[in-house]
Amino acid sequence: MKMDIVMENVSFSYGNKTILEDVSLHIPEREFLAVIGPNGGGKTTLLKLILGLLKPDKGQISILGKVPEKAVHRLGYVPQDTSNYVQFPITVMDTVLMGCLGEKYSISPTMKHRLQAINSLEKVGILDLKNELTGSLSQGQRQRVFIARALTTDPEILLLDEPTSSVDLDTQKAFYDTLLELNSRMTIVIVSHDLFAVTSHATAVACVNRKICYHSEGEIKPEMLELAYGTCPVELIAHGIPHRVLGVHGEREKLSHD
Amino acid sequence: MIEILQYEFMRNAIMAAVLSSLICGLIGTLIVLKRLVILAGGIAHAAYGGVGLAAFMGIPLRAGALFFSLFLSLIMGRITLQKKARADTAIGVIWAVGMATGVICIDLTPGYGVDLMSYLFGSILSVSKIDLSMMGTIAILGILMCFRYYRLILVYTYDEDFARTRGINVTLIHYLLIIFISVSVVLIIRVVGLILVIALLTIPPSIAEGYSRSLAGMICLSSVLSLLFSLCGLWVSYTYDLTSGASIIMVAAAGYLLSKLLHLPCQ
Ligand SMILES: Nc1ncnc2c1ncn2[C@@H]1O[C@H](COP(=O)(O)OP(=O)(O)OP(=O)(O)O)[C@@H](O)[C@H]1O
Ligand SMILES: [Mg+2]
């Protein structure tokens, strides 16, 4: 199988604080990978390493068979935090048009680029907002703008960092359907805390908390929850994660019913 | 009003106002949006260090100011690019050291008095043809670059991380911008002074920000406002026989206040 993203024994630290330690990850073409993990576990850091925005201290990363810097323009990225983009005079349309810069960078975009942008706005259901100022939108609306911008880049790999954390339920459903459709053309890596939504679509799950626990079926294994949220997955199970998202867990299941 | 145009120094002053408004509208918008105002302030003060050093070493003052500012601005550019927390503090230190270098060098240069007041407020009424042609060159260069690379500049200004993921060399653009800011600021200081540069760089864009829907719109509006303030200020200065730089700043400040008052009900 062709591998889109390969990380071999990658370590990364901010100063002397180790964030990721000896992490290896192989993501094949057309995978729909869900990345879960606790706050501060290193999910955003992992995406930034893949994008080449951060350099690993140790280990190799190869994206589409190249070093990240050489492949980055074939990747789409939806950042996690969109609140620092509020104070800027720019309309939704112009924000989304950043996804298709073209070769000439001139002031007026071509008709083709406009259509591309309109198409993405339609996909996330905010075409009617296209002339609003991006900074004046609600957080969820703004998240959708950034999703549309990433779609406009027409990437081979789409990386999304908690793209739906402020998006309403109806839109989330439509959004995951869109992702599924896109998945037939591109590899998708999505960070999310919404275990249910993620596991009902993902073809693989990775849990990141300094280490990575990867499973190539769209299931959350008890080991992952252990890595992610401490030593007691039982409590989480009891807190209503649907059983069908969990794999076979024998002993633990019995415990959860106590 | 028309009769003041018969004086050549007045025509030159108006020309200087037009050119510095164009340059300040462009650069001011970028530094306000990129939160590099403190860097521009640092460059402007470093220029005085350069003037002092040049006087001390006996080289042309303009060249001294330019090279010293460029040197310090590249250091400050590096600090801002890394986005270390407290980048503004580090720049504050460089800013102060730049200025102190200038003062000490001038102390050490016997028989040399660079007039601090004219450096602070400039002398727009004694602008030379050479000053004007250099400002004209910078203005035209800036506008051409802006047309040619508009979307590139937009993406860089809006979202550096995204720009990087599009394969854009953000580091290069960042340093080019800083070099451009340095050269412009040093040039304009000669004409309108340090304090007026900072005022023209910050006041018009911060008014324009509230009324603009695009980067290009904000640049144009800032330039127009800047020109309006400069011309009104010149007129006030001529009519009431006041210092030109300070008059322009007072007019700009009045405009700023007015725009904030007008904006109050909508917020
Ligand atoms: N720029 C930075 N400088 C220093 N430390 C950082 C920086 N960015 C992140 N960190 C640290 O790295 C760790 C991992 O951060 P990261 O953003 O990757 O977590 P995350 O898994 O995305 O968390 P969340 O679920 O909150 O988004 C955190 O402990 C954070 O404190
Ligand atoms: Mg994160």
# chains A, B, ... in the order shown; residues from 1 in each chain; ligands from 1
call {"tool": "residues_around", "arguments": {"residues": "Ile173 of chain B", "least_positions_apart": "4", "cutoff": "9 Å", "atoms": "only C-alpha atoms", "output": "list in words"}}
result
Leu152, Ile153, Tyr156, Ile168, Asn169, Leu177 and Ile178 of chain B
call {"tool": "residues_around", "arguments": {"residues": "Thr164 of chain A", "least_positions_apart": "4", "cutoff": "8 Å", "atoms": "only C-alpha atoms", "output": "list of chain:residue names"}}
result
A:Gly140, A:Gln143, A:Asp168, A:Gln172, A:Ser192
call {"tool": "select_by_dssp", "arguments": {"residues": "segment 100-230 of chain A", "states": "strand (DSSP E or B)", "output": "MDAnalysis selection string"}}
result
chainID A and resid 133 157:161 187:191 204:209 211:215 220
call {"tool": "atom_distance", "arguments": {"atom1": "atom CA of Ser182 of chain B", "atom2": "atom CA of Asp159 of chain B"}}
result
22.8 Å
call {"tool": "interface_residues", "arguments": {"of": "chain A", "to": "chain B", "cutoff": "9 Å", "atoms": "only C-alpha atoms", "output": "MDAnalysis selection string"}}
result
chainID A and resid 51:53 69:79 85 87:91 94:95 98:99 101 104:109 132:133 153
call {"tool": "write_last_selection", "arguments": {"atoms": "N, CA, C and O atoms", "output": "short mmCIF file (atom, residue, chain, number, x, y, z; two decimals), in the first residue's frame"}}
result
data_model
loop_
_atom_site.label_atom_id
_atom_site.label_comp_id
_atom_site.auth_asym_id
_atom_site.auth_seq_id
_atom_site.Cartn_x
_atom_site.Cartn_y
_atom_site.Cartn_z
N LEU A 51 3.02 19.21 8.60
CA LEU A 51 3.00 20.34 7.67
C LEU A 51 4.38 20.98 7.49
O LEU A 51 4.55 21.85 6.65
N GLY A 52 5.33 20.57 8.31
CA GLY A 52 6.66 21.17 8.21
C GLY A 52 6.74 22.53 8.89
O GLY A 52 7.73 23.23 8.76
N LEU A 53 5.68 22.91 9.63
CA LEU A 53 5.73 24.19 10.35
C LEU A 53 6.65 24.07 11.56
O LEU A 53 7.21 25.05 12.03
N GLU A 69 8.57 20.09 3.59
CA GLU A 69 8.60 21.40 2.92
C GLU A 69 8.30 21.28 1.43
O GLU A 69 7.74 22.19 0.83
N LYS A 70 8.70 20.15 0.85
CA LYS A 70 8.51 19.98 -0.60
C LYS A 70 7.10 19.52 -0.95
O LYS A 70 6.68 19.59 -2.10
N ALA A 71 6.39 19.01 0.06
CA ALA A 71 5.07 18.45 -0.23
C ALA A 71 3.95 19.32 0.33
O ALA A 71 2.78 19.11 0.04
N VAL A 72 4.33 20.33 1.11
CA VAL A 72 3.33 21.03 1.91
C VAL A 72 2.24 21.68 1.06
O VAL A 72 1.08 21.75 1.46
N HIS A 73 2.57 22.12 -0.15
CA HIS A 73 1.55 22.79 -0.96
C HIS A 73 0.49 21.81 -1.46
O HIS A 73 -0.52 22.23 -1.99
N ARG A 74 0.72 20.52 -1.28
CA ARG A 74 -0.30 19.54 -1.67
C ARG A 74 -1.18 19.15 -0.48
O ARG A 74 -2.01 18.26 -0.57
N LEU A 75 -0.96 19.82 0.65
CA LEU A 75 -1.72 19.54 1.86
C LEU A 75 -2.70 20.69 2.15
O LEU A 75 -2.39 21.85 1.89
N GLY A 76 -3.85 20.33 2.67
CA GLY A 76 -4.78 21.36 3.13
C GLY A 76 -4.80 21.36 4.64
O GLY A 76 -4.62 20.32 5.27
N TYR A 77 -5.02 22.54 5.23
CA TYR A 77 -4.91 22.63 6.69
C TYR A 77 -5.98 23.54 7.25
O TYR A 77 -6.16 24.66 6.78
N VAL A 78 -6.70 23.06 8.23
CA VAL A 78 -7.66 23.89 8.96
C VAL A 78 -7.12 24.07 10.37
O VAL A 78 -7.06 23.12 11.13
N PRO A 79 -6.68 25.29 10.72
CA PRO A 79 -6.09 25.49 12.05
C PRO A 79 -7.13 25.37 13.15
O PRO A 79 -8.33 25.51 12.92
N TYR A 85 -7.72 35.73 14.14
CA TYR A 85 -7.91 36.32 12.82
C TYR A 85 -9.07 37.32 12.80
O TYR A 85 -9.58 37.67 11.77
N GLN A 87 -9.41 40.57 14.00
CA GLN A 87 -9.19 41.98 13.65
C GLN A 87 -8.48 42.12 12.33
O GLN A 87 -7.29 42.36 12.27
N PHE A 88 -9.23 41.96 11.27
CA PHE A 88 -8.61 42.09 9.95
C PHE A 88 -9.70 42.41 8.95
O PHE A 88 -10.73 41.76 8.94
N PRO A 89 -9.49 43.43 8.12
CA PRO A 89 -10.54 43.78 7.16
C PRO A 89 -10.51 42.83 5.97
O PRO A 89 -9.80 43.07 5.00
N ILE A 90 -11.28 41.77 6.04
CA ILE A 90 -11.31 40.84 4.92
C ILE A 90 -12.67 40.15 4.88
O ILE A 90 -13.24 39.82 5.93
N THR A 91 -13.20 39.97 3.69
CA THR A 91 -14.50 39.31 3.57
C THR A 91 -14.31 37.80 3.53
O THR A 91 -13.21 37.30 3.31
N ASP A 94 -12.90 36.64 0.19
CA ASP A 94 -11.45 36.84 0.03
C ASP A 94 -10.65 35.86 0.88
O ASP A 94 -9.57 35.43 0.50
N THR A 95 -11.20 35.52 2.06
CA THR A 95 -10.51 34.55 2.90
C THR A 95 -10.43 33.20 2.20
O THR A 95 -9.39 32.56 2.17
N MET A 98 -7.99 32.72 -0.64
CA MET A 98 -6.59 32.46 -0.32
C MET A 98 -6.21 31.03 -0.64
O MET A 98 -5.03 30.71 -0.83
N GLY A 99 -7.21 30.17 -0.66
CA GLY A 99 -6.94 28.77 -0.97
C GLY A 99 -6.46 28.55 -2.40
O GLY A 99 -5.81 27.56 -2.69
N LEU A 101 -4.35 30.64 -4.77
CA LEU A 101 -3.58 31.85 -5.04
C LEU A 101 -3.26 32.03 -6.51
O LEU A 101 -3.10 33.13 -6.99
N LYS A 104 -0.17 34.32 -10.23
CA LYS A 104 0.15 35.72 -10.47
C LYS A 104 -0.05 36.64 -9.28
O LYS A 104 0.46 37.73 -9.26
N TYR A 105 -0.75 36.19 -8.28
CA TYR A 105 -0.94 36.94 -7.05
C TYR A 105 -1.55 38.32 -7.24
O TYR A 105 -1.46 39.18 -6.37
N SER A 106 -2.14 38.59 -8.40
CA SER A 106 -2.61 39.95 -8.63
C SER A 106 -3.91 40.20 -7.86
O SER A 106 -4.47 39.29 -7.26
N ILE A 107 -4.36 41.45 -7.88
CA ILE A 107 -5.47 41.82 -7.00
C ILE A 107 -6.76 41.08 -7.31
O ILE A 107 -7.41 40.55 -6.43
N SER A 108 -7.12 41.02 -8.60
CA SER A 108 -8.41 40.40 -8.89
C SER A 108 -8.24 38.93 -9.26
O SER A 108 -7.47 38.59 -10.15
N PRO A 109 -8.95 38.05 -8.55
CA PRO A 109 -8.87 36.63 -8.83
C PRO A 109 -9.57 36.28 -10.15
O PRO A 109 -10.45 37.01 -10.60
N GLU A 132 -19.81 38.92 3.97
CA GLU A 132 -19.62 39.40 5.34
C GLU A 132 -18.13 39.52 5.64
O GLU A 132 -17.30 38.91 4.97
N LEU A 133 -17.82 40.29 6.69
CA LEU A 133 -16.43 40.31 7.16
C LEU A 133 -16.16 39.05 7.98
O LEU A 133 -16.96 38.71 8.86
N THR A 153 -8.07 24.64 -1.57
CA THR A 153 -6.70 24.32 -1.99
C THR A 153 -6.66 22.99 -2.77
O THR A 153 -5.62 22.64 -3.31
#
call {"tool": "residues_near_ligand", "arguments": {"ligand": "ligand 2", "cutoff": "9 Å", "atoms": "only C-alpha atoms and all ligand atoms", "output": "list in words"}}
result
Asn39, Gly40, Gly41, Gly42, Lys43, Thr44, Thr45, Leu47, Pro79, Gln80, Asp81, Asp161, Glu162 and Val191 of chain A
call {"tool": "write_last_selection", "arguments": {"atoms": "N, CA, C and O atoms", "output": "PDB file, in the first residue's frame"}}
result
ATOM      1  N   ASN A  39      -6.156  17.272  26.115  1.00  0.00           N
ATOM      2  CA  ASN A  39      -5.606  18.609  25.869  1.00  0.00           C
ATOM      3  C   ASN A  39      -4.124  18.606  26.216  1.00  0.00           C
ATOM      4  O   ASN A  39      -3.713  18.074  27.240  1.00  0.00           O
ATOM      5  N   GLY A  40      -3.342  19.197  25.335  1.00  0.00           N
ATOM      6  CA  GLY A  40      -1.899  19.245  25.586  1.00  0.00           C
ATOM      7  C   GLY A  40      -1.192  17.951  25.261  1.00  0.00           C
ATOM      8  O   GLY A  40      -0.002  17.802  25.517  1.00  0.00           O
ATOM      9  N   GLY A  41      -1.919  16.992  24.681  1.00  0.00           N
ATOM     10  CA  GLY A  41      -1.315  15.698  24.366  1.00  0.00           C
ATOM     11  C   GLY A  41      -0.345  15.766  23.193  1.00  0.00           C
ATOM     12  O   GLY A  41       0.493  14.883  23.019  1.00  0.00           O
ATOM     13  N   GLY A  42      -0.486  16.778  22.362  1.00  0.00           N
ATOM     14  CA  GLY A  42       0.443  16.930  21.236  1.00  0.00           C
ATOM     15  C   GLY A  42      -0.205  16.742  19.880  1.00  0.00           C
ATOM     16  O   GLY A  42       0.487  16.547  18.881  1.00  0.00           O
ATOM     17  N   LYS A  43      -1.527  16.833  19.799  1.00  0.00           N
ATOM     18  CA  LYS A  43      -2.222  16.618  18.520  1.00  0.00           C
ATOM     19  C   LYS A  43      -1.895  17.728  17.526  1.00  0.00           C
ATOM     20  O   LYS A  43      -1.527  17.467  16.372  1.00  0.00           O
ATOM     21  N   THR A  44      -2.024  18.966  17.994  1.00  0.00           N
ATOM     22  CA  THR A  44      -1.714  20.092  17.110  1.00  0.00           C
ATOM     23  C   THR A  44      -0.243  20.060  16.701  1.00  0.00           C
ATOM     24  O   THR A  44       0.103  20.293  15.538  1.00  0.00           O
ATOM     25  N   THR A  45       0.609  19.734  17.659  1.00  0.00           N
ATOM     26  CA  THR A  45       2.043  19.621  17.375  1.00  0.00           C
ATOM     27  C   THR A  45       2.285  18.576  16.281  1.00  0.00           C
ATOM     28  O   THR A  45       3.085  18.809  15.364  1.00  0.00           O
ATOM     29  N   LEU A  47       0.240  17.635  13.879  1.00  0.00           N
ATOM     30  CA  LEU A  47      -0.149  18.179  12.569  1.00  0.00           C
ATOM     31  C   LEU A  47       0.883  19.175  12.063  1.00  0.00           C
ATOM     32  O   LEU A  47       1.235  19.181  10.880  1.00  0.00           O
ATOM     33  N   PRO A  79      -6.684  25.292  10.724  1.00  0.00           N
ATOM     34  CA  PRO A  79      -6.092  25.494  12.055  1.00  0.00           C
ATOM     35  C   PRO A  79      -7.134  25.366  13.153  1.00  0.00           C
ATOM     36  O   PRO A  79      -8.327  25.514  12.916  1.00  0.00           O
ATOM     37  N   GLN A  80      -6.634  25.100  14.365  1.00  0.00           N
ATOM     38  CA  GLN A  80      -7.543  24.895  15.483  1.00  0.00           C
ATOM     39  C   GLN A  80      -8.127  26.205  15.980  1.00  0.00           C
ATOM     40  O   GLN A  80      -9.316  26.325  16.178  1.00  0.00           O
ATOM     41  N   ASP A  81      -7.252  27.192  16.133  1.00  0.00           N
ATOM     42  CA  ASP A  81      -7.685  28.442  16.754  1.00  0.00           C
ATOM     43  C   ASP A  81      -7.873  29.496  15.680  1.00  0.00           C
ATOM     44  O   ASP A  81      -6.940  29.867  14.991  1.00  0.00           O
ATOM     45  N   ASP A 161      -7.770  20.396  12.335  1.00  0.00           N
ATOM     46  CA  ASP A 161      -7.513  20.428  13.773  1.00  0.00           C
ATOM     47  C   ASP A 161      -8.768  20.893  14.506  1.00  0.00           C
ATOM     48  O   ASP A 161      -9.055  22.081  14.563  1.00  0.00           O
ATOM     49  N   GLU A 162      -9.489  19.956  15.046  1.00  0.00           N
ATOM     50  CA  GLU A 162     -10.769  20.243  15.719  1.00  0.00           C
ATOM     51  C   GLU A 162     -11.629  21.215  14.918  1.00  0.00           C
ATOM     52  O   GLU A 162     -11.991  22.288  15.398  1.00  0.00           O
ATOM     53  N   VAL A 191      -8.415  15.878  13.820  1.00  0.00           N
ATOM     54  CA  VAL A 191      -8.321  15.879  15.275  1.00  0.00           C
ATOM     55  C   VAL A 191      -9.693  16.216  15.813  1.00  0.00           C
ATOM     56  O   VAL A 191     -10.329  17.150  15.347  1.00  0.00           O
TER      57      VAL A 191
END
call {"tool": "residues_around", "arguments": {"residues": "Glu21 of chain A", "least_positions_apart": "2", "cutoff": "7 Å", "atoms": "only C-alpha atoms", "output": "MDAnalysis selection string"}}
result
chainID A and resid 10:12 18:19 23 210:211
call {"tool": "residues_around", "arguments": {"residues": "Leu125 of chain B", "least_positions_apart": "6", "cutoff": "9 Å", "atoms": "only C-alpha atoms", "output": "number ranges by chain"}}
result
B: 9-10, 12-14, 191, 244
call {"tool": "select_by_dssp", "arguments": {"residues": "segment 71-166 of chain A", "states": "alpha helix (DSSP H)", "output": "ChimeraX atom specification"}}
result
/A:71,92-97,111-123,139-152
call {"tool": "residues_around", "arguments": {"residues": "Leu36 of chain B", "least_positions_apart": "2", "cutoff": "12 Å", "atoms": "only C-alpha atoms", "output": "ChimeraX atom specification"}}
result
/B:27-34,38-43,73,76-77,79-81,83,87-88,91,157,174,177-178,181,198,201-202
call {"tool": "residues_around", "arguments": {"residues": "segment 121-125 of chain A", "least_positions_apart": "6", "cutoff": "7 Å", "atoms": "only C-alpha atoms", "output": "MDAnalysis selection string"}}
result
chainID A and resid 144 148 175
call {"tool": "residues_around", "arguments": {"residues": "segment 13-16 of chain A", "least_positions_apart": "4", "cutoff": "12 Å", "atoms": "only C-alpha atoms", "output": "list in words"}}
result
Leu20, Glu21, Asp22, Gly42, Thr45, Leu46, Leu49, Leu54, Lys55, Pro56, Asp57, Lys58 and Arg210 of chain A; Lys84 of chain B
